[in-house]
Amino acid sequence: MEYDGVPALHDVSLEVRRGELVALVGSNGAGKSTTLKTIAGALHPVRGEVRFEGTPLSRKGTPEVVRMGITYVPEGRMVFGPLTVEENLRLGAFSVGGGPETEQQLERVYDLFPRLRERRHQRAGTLSGGEQQMVAIGRGLMARPKLLMLDEPSLGLMPKLVEELFAVVARLRDEGLTILLVEQRAREALRLADRGYVLQTGRTVVQGRGPELLASEAMRRAFLGV
């Protein structure tokens, strides 16, 4: 993967198995978000391949990737401010159609985030940052994904809301949803994850179970640059 002819990802190799929560961690500029965007079809690799359930994704666009069962919740929330909470959520189901399944999924989102039910008719732009993040994740879930990719979901949130957010992510994993999580709070993410990968300057430098990575020399090098 290149930006303006400069490689952003050189040697990234990772696997997410069905039902796992996998954390992708590393310092700023390591290539974490670029990896998610490439899987989501927003970027296309110059070399290498992305496969989902055996199907190559490398030349597919984002709408087709979503229909295959992959949802990407980007960093920065990106809610539609003038629309209500519920209108924002329903937009997430646009690519997979409506019907009874959409209504069931909407109820599931409200069960995960009761605050959104209370504010369902409120304009999304008037919500707090934490509530907007709930909308962003809920909108992603409305597509009924097989794989949910979350990019820095805790960014800018107060500690209490971070705890609530990680509790929801853990619940989704326990319910069987496959999750790929990019997170600045590496310790919390690796404690929560089944497995993790450490990226450094566009390369996968180490992988393993959370406790192993937390104690590894590779983590120290990735975050401290030494």
# chains A, B, ... in the order shown; residues from 1 in each chain; ligands from 1
>>> closest_atom_pairs(of="range 101-217 of chain A", to="range 47-71 of chain A", cutoff="7 Å", atoms="only C-alpha atoms", output="tab-separated table")
residue	atom	partner	partner_atom	distance
A:Gly140	CA	A:Thr71	CA	5.8
A:Pro145	CA	A:Gly69	CA	4.6
A:Lys146	CA	A:Gly69	CA	4.9
A:Leu147	CA	A:Ile70	CA	4.9
A:Leu148	CA	A:Thr71	CA	5.1
A:Met149	CA	A:Thr71	CA	6.0
>>> write_last_selection(atoms="N, CA, C and O atoms", output="mmCIF file, in the first residue's frame")
data_model
loop_
_atom_site.group_PDB
_atom_site.id
_atom_site.type_symbol
_atom_site.label_atom_id
_atom_site.label_comp_id
_atom_site.auth_asym_id
_atom_site.auth_seq_id
_atom_site.Cartn_x
_atom_site.Cartn_y
_atom_site.Cartn_z
ATOM 1 N N GLY A 140 -22.542 0.964 12.408
ATOM 2 C CA GLY A 140 -21.791 -0.145 11.841
ATOM 3 C C GLY A 140 -22.468 -1.482 12.065
ATOM 4 O O GLY A 140 -22.480 -2.349 11.190
ATOM 5 N N PRO A 145 -22.800 -7.116 10.410
ATOM 6 C CA PRO A 145 -21.506 -7.591 9.906
ATOM 7 C C PRO A 145 -21.115 -8.959 10.441
ATOM 8 O O PRO A 145 -21.484 -9.352 11.549
ATOM 9 N N LYS A 146 -20.321 -9.651 9.629
ATOM 10 C CA LYS A 146 -19.622 -10.845 10.101
ATOM 11 C C LYS A 146 -18.304 -10.444 10.763
ATOM 12 O O LYS A 146 -17.824 -11.122 11.663
ATOM 13 N N LEU A 147 -17.717 -9.358 10.266
ATOM 14 C CA LEU A 147 -16.484 -8.798 10.819
ATOM 15 C C LEU A 147 -16.698 -7.320 11.057
ATOM 16 O O LEU A 147 -17.022 -6.578 10.125
ATOM 17 N N LEU A 148 -16.513 -6.889 12.302
ATOM 18 C CA LEU A 148 -16.621 -5.479 12.661
ATOM 19 C C LEU A 148 -15.221 -4.945 12.921
ATOM 20 O O LEU A 148 -14.490 -5.467 13.771
ATOM 21 N N MET A 149 -14.838 -3.890 12.203
ATOM 22 C CA MET A 149 -13.532 -3.263 12.386
ATOM 23 C C MET A 149 -13.720 -1.896 13.045
ATOM 24 O O MET A 149 -14.428 -1.038 12.519
#
>>> select_by_dssp(residues="range 3-74 of chain A", states="strand (DSSP E)", output="ChimeraX atom specification")
/A:3,6-7,21-25,51-52,55-56,70-73
>>> write_last_selection(atoms="N, CA and C atoms", output="PDB file, in the first residue's frame")
ATOM      1  N   TYR A   3       1.081   5.745  -0.340  1.00  0.00           N
ATOM      2  CA  TYR A   3       0.503   7.081  -0.368  1.00  0.00           C
ATOM      3  C   TYR A   3       1.452   7.971  -1.154  1.00  0.00           C
ATOM      4  N   VAL A   6       4.770   6.560  -1.868  1.00  0.00           N
ATOM      5  CA  VAL A   6       5.584   6.146  -0.726  1.00  0.00           C
ATOM      6  C   VAL A   6       4.872   4.997  -0.015  1.00  0.00           C
ATOM      7  N   PRO A   7       5.511   3.827   0.128  1.00  0.00           N
ATOM      8  CA  PRO A   7       4.851   2.688   0.778  1.00  0.00           C
ATOM      9  C   PRO A   7       4.466   2.992   2.217  1.00  0.00           C
ATOM     10  N   LEU A  21     -11.673 -11.688  18.878  1.00  0.00           N
ATOM     11  CA  LEU A  21     -11.395 -10.265  18.959  1.00  0.00           C
ATOM     12  C   LEU A  21      -9.880 -10.122  18.849  1.00  0.00           C
ATOM     13  N   VAL A  22      -9.440  -9.503  17.774  1.00  0.00           N
ATOM     14  CA  VAL A  22      -8.012  -9.320  17.517  1.00  0.00           C
ATOM     15  C   VAL A  22      -7.686  -7.836  17.604  1.00  0.00           C
ATOM     16  N   ALA A  23      -6.657  -7.502  18.384  1.00  0.00           N
ATOM     17  CA  ALA A  23      -6.222  -6.116  18.543  1.00  0.00           C
ATOM     18  C   ALA A  23      -5.011  -5.851  17.653  1.00  0.00           C
ATOM     19  N   LEU A  24      -5.032  -4.696  17.007  1.00  0.00           N
ATOM     20  CA  LEU A  24      -3.925  -4.244  16.175  1.00  0.00           C
ATOM     21  C   LEU A  24      -3.383  -2.981  16.826  1.00  0.00           C
ATOM     22  N   VAL A  25      -2.160  -3.048  17.362  1.00  0.00           N
ATOM     23  CA  VAL A  25      -1.610  -1.939  18.132  1.00  0.00           C
ATOM     24  C   VAL A  25      -0.271  -1.511  17.561  1.00  0.00           C
ATOM     25  N   ARG A  51      -7.996 -11.423   1.812  1.00  0.00           N
ATOM     26  CA  ARG A  51      -8.997 -12.450   1.565  1.00  0.00           C
ATOM     27  C   ARG A  51      -9.964 -12.507   2.743  1.00  0.00           C
ATOM     28  N   PHE A  52     -11.243 -12.710   2.419  1.00  0.00           N
ATOM     29  CA  PHE A  52     -12.278 -12.837   3.433  1.00  0.00           C
ATOM     30  C   PHE A  52     -13.101 -14.074   3.124  1.00  0.00           C
ATOM     31  N   THR A  55     -12.419 -15.447  -0.229  1.00  0.00           N
ATOM     32  CA  THR A  55     -12.649 -14.608  -1.406  1.00  0.00           C
ATOM     33  C   THR A  55     -11.690 -13.428  -1.423  1.00  0.00           C
ATOM     34  N   PRO A  56     -10.981 -13.186  -2.532  1.00  0.00           N
ATOM     35  CA  PRO A  56     -10.093 -12.020  -2.620  1.00  0.00           C
ATOM     36  C   PRO A  56     -10.896 -10.716  -2.558  1.00  0.00           C
ATOM     37  N   ILE A  70     -18.374  -7.129   5.951  1.00  0.00           N
ATOM     38  CA  ILE A  70     -17.331  -6.402   6.681  1.00  0.00           C
ATOM     39  C   ILE A  70     -17.769  -4.958   6.874  1.00  0.00           C
ATOM     40  N   THR A  71     -17.752  -4.504   8.112  1.00  0.00           N
ATOM     41  CA  THR A  71     -18.098  -3.118   8.421  1.00  0.00           C
ATOM     42  C   THR A  71     -16.913  -2.435   9.086  1.00  0.00           C
ATOM     43  N   TYR A  72     -16.603  -1.233   8.620  1.00  0.00           N
ATOM     44  CA  TYR A  72     -15.493  -0.435   9.144  1.00  0.00           C
ATOM     45  C   TYR A  72     -16.055   0.805   9.829  1.00  0.00           C
ATOM     46  N   VAL A  73     -15.763   0.950  11.120  1.00  0.00           N
ATOM     47  CA  VAL A  73     -16.156   2.152  11.866  1.00  0.00           C
ATOM     48  C   VAL A  73     -14.911   3.013  12.008  1.00  0.00           C
TER      49      VAL A  73
END
>>> residues_around(residues="range 103-109 of chain A", least_positions_apart="3", cutoff="6 Å", atoms="only C-alpha atoms", output="list in words")
Pro100, Leu112, Gly138 and Met142 of chain A
>>> select_by_dssp(residues="range 13-174 of chain A", states="alpha helix (DSSP H)", output="PyMOL selection string")
chain A and resi 32-40+62-68+85-91+100-112+114-118+129-141+159-174
>>> residues_around(residues="Asn88 in chain A", least_positions_apart="2", cutoff="8 Å", atoms="only C-alpha atoms", output="CSV table (one decimal) with C-alpha atoms, in the first residue's frame")
chain,number,residue,atom,x,y,z
A,79,VAL,CA,-22.0,11.1,12.3
A,80,PHE,CA,-24.4,13.0,10.2
A,83,LEU,CA,-30.0,13.8,11.2
A,84,THR,CA,-31.5,12.2,14.2
A,85,VAL,CA,-29.9,9.3,16.1
A,86,GLU,CA,-32.3,6.8,14.5
A,90,ARG,CA,-30.8,3.3,9.7
A,91,LEU,CA,-28.3,4.6,7.2
A,92,GLY,CA,-26.0,1.8,8.3
A,124,ALA,CA,-26.8,13.5,16.3
A,135,VAL,CA,-24.0,6.1,17.2
A,139,ARG,CA,-24.5,2.4,12.7
>>> atom_distance(atom1="CA of Arg187 in chain A", atom2="CA of Gly156 in chain A")
16.7 Å
>>> closest_residue(among="A:Arg203, A:Arg77, A:Lys160, A:Arg171", to="Leu127 in chain A", atoms="only C-alpha atoms")
A:Arg77
>>> decode(residues="range 116-140 of chain A", atoms="N, CA, C and O atoms", output="mmCIF file, in the first residue's frame")
data_model
loop_
_atom_site.group_PDB
_atom_site.id
_atom_site.type_symbol
_atom_site.label_atom_id
_atom_site.label_comp_id
_atom_site.auth_asym_id
_atom_site.auth_seq_id
_atom_site.Cartn_x
_atom_site.Cartn_y
_atom_site.Cartn_z
ATOM 1 N N LEU A 116 -28.943 5.637 23.505
ATOM 2 C CA LEU A 116 -29.368 5.994 22.151
ATOM 3 C C LEU A 116 -30.874 5.853 21.981
ATOM 4 O O LEU A 116 -31.489 6.613 21.226
ATOM 5 N N ARG A 117 -31.460 4.891 22.671
ATOM 6 C CA ARG A 117 -32.922 4.780 22.625
ATOM 7 C C ARG A 117 -33.564 6.040 23.193
ATOM 8 O O ARG A 117 -34.545 6.559 22.647
ATOM 9 N N GLU A 118 -33.006 6.530 24.297
ATOM 10 C CA GLU A 118 -33.533 7.745 24.914
ATOM 11 C C GLU A 118 -33.408 8.947 23.994
ATOM 12 O O GLU A 118 -34.228 9.867 24.053
ATOM 13 N N ARG A 119 -32.382 8.943 23.146
ATOM 14 C CA ARG A 119 -32.099 10.105 22.289
ATOM 15 C C ARG A 119 -32.389 9.816 20.819
ATOM 16 O O ARG A 119 -31.882 10.500 19.939
ATOM 17 N N ARG A 120 -33.208 8.847 20.546
ATOM 18 C CA ARG A 120 -33.412 8.392 19.176
ATOM 19 C C ARG A 120 -33.930 9.491 18.255
ATOM 20 O O ARG A 120 -33.648 9.483 17.048
ATOM 21 N N HIS A 121 -34.664 10.464 18.791
ATOM 22 C CA HIS A 121 -35.212 11.547 17.958
ATOM 23 C C HIS A 121 -34.383 12.825 18.052
ATOM 24 O O HIS A 121 -34.759 13.848 17.481
ATOM 25 N N GLN A 122 -33.261 12.769 18.739
ATOM 26 C CA GLN A 122 -32.386 13.933 18.905
ATOM 27 C C GLN A 122 -31.391 13.999 17.745
ATOM 28 O O GLN A 122 -30.927 12.972 17.248
ATOM 29 N N ARG A 123 -31.072 15.219 17.302
ATOM 30 C CA ARG A 123 -30.082 15.356 16.237
ATOM 31 C C ARG A 123 -28.723 14.866 16.729
ATOM 32 O O ARG A 123 -28.274 15.211 17.821
ATOM 33 N N ALA A 124 -28.062 14.092 15.899
ATOM 34 C CA ALA A 124 -26.798 13.479 16.303
ATOM 35 C C ALA A 124 -25.721 14.524 16.597
ATOM 36 O O ALA A 124 -24.849 14.306 17.441
ATOM 37 N N GLY A 125 -25.787 15.653 15.916
ATOM 38 C CA GLY A 125 -24.786 16.697 16.118
ATOM 39 C C GLY A 125 -24.843 17.347 17.486
ATOM 40 O O GLY A 125 -23.896 18.039 17.879
ATOM 41 N N THR A 126 -25.936 17.149 18.216
ATOM 42 C CA THR A 126 -26.071 17.746 19.548
ATOM 43 C C THR A 126 -25.647 16.777 20.656
ATOM 44 O O THR A 126 -25.710 17.140 21.835
ATOM 45 N N LEU A 127 -25.219 15.581 20.307
ATOM 46 C CA LEU A 127 -24.817 14.593 21.302
ATOM 47 C C LEU A 127 -23.398 14.863 21.792
ATOM 48 O O LEU A 127 -22.606 15.542 21.131
ATOM 49 N N SER A 128 -23.066 14.287 22.926
ATOM 50 C CA SER A 128 -21.691 14.341 23.410
ATOM 51 C C SER A 128 -20.799 13.463 22.539
ATOM 52 O O SER A 128 -21.287 12.649 21.741
ATOM 53 N N GLY A 129 -19.489 13.612 22.708
ATOM 54 C CA GLY A 129 -18.564 12.814 21.925
ATOM 55 C C GLY A 129 -18.749 11.325 22.150
ATOM 56 O O GLY A 129 -18.702 10.528 21.212
ATOM 57 N N GLY A 130 -18.964 10.942 23.409
ATOM 58 C CA GLY A 130 -19.175 9.534 23.715
ATOM 59 C C GLY A 130 -20.441 8.990 23.096
ATOM 60 O O GLY A 130 -20.463 7.855 22.581
ATOM 61 N N GLU A 131 -21.499 9.781 23.110
ATOM 62 C CA GLU A 131 -22.765 9.354 22.510
ATOM 63 C C GLU A 131 -22.639 9.254 20.990
ATOM 64 O O GLU A 131 -23.204 8.355 20.369
ATOM 65 N N GLN A 132 -21.883 10.169 20.390
ATOM 66 C CA GLN A 132 -21.663 10.080 18.949
ATOM 67 C C GLN A 132 -20.880 8.823 18.586
ATOM 68 O O GLN A 132 -21.127 8.202 17.546
ATOM 69 N N GLN A 133 -19.944 8.426 19.460
ATOM 70 C CA GLN A 133 -19.222 7.181 19.198
ATOM 71 C C GLN A 133 -20.155 5.985 19.274
ATOM 72 O O GLN A 133 -20.031 5.029 18.495
ATOM 73 N N MET A 134 -21.109 6.022 20.197
ATOM 74 C CA MET A 134 -22.118 4.959 20.277
ATOM 75 C C MET A 134 -22.916 4.895 18.976
ATOM 76 O O MET A 134 -23.205 3.802 18.464
ATOM 77 N N VAL A 135 -23.266 6.060 18.438
ATOM 78 C CA VAL A 135 -24.012 6.101 17.173
ATOM 79 C C VAL A 135 -23.172 5.495 16.051
ATOM 80 O O VAL A 135 -23.672 4.705 15.239
ATOM 81 N N ALA A 136 -21.879 5.846 16.006
ATOM 82 C CA ALA A 136 -21.009 5.354 14.953
ATOM 83 C C ALA A 136 -20.897 3.821 15.001
ATOM 84 O O ALA A 136 -20.981 3.148 13.973
ATOM 85 N N ILE A 137 -20.724 3.270 16.200
ATOM 86 C CA ILE A 137 -20.621 1.820 16.328
ATOM 87 C C ILE A 137 -21.965 1.170 16.027
ATOM 88 O O ILE A 137 -22.044 0.156 15.329
ATOM 89 N N GLY A 138 -23.045 1.776 16.550
ATOM 90 C CA GLY A 138 -24.376 1.249 16.281
ATOM 91 C C GLY A 138 -24.697 1.246 14.799
ATOM 92 O O GLY A 138 -25.277 0.271 14.274
ATOM 93 N N ARG A 139 -24.313 2.299 14.111
ATOM 94 C CA ARG A 139 -24.537 2.362 12.653
ATOM 95 C C ARG A 139 -23.789 1.239 11.954
ATOM 96 O O ARG A 139 -24.293 0.612 11.016
ATOM 97 N N GLY A 140 -22.542 0.964 12.408
ATOM 98 C CA GLY A 140 -21.791 -0.145 11.841
ATOM 99 C C GLY A 140 -22.468 -1.482 12.065
ATOM 100 O O GLY A 140 -22.480 -2.349 11.190
#
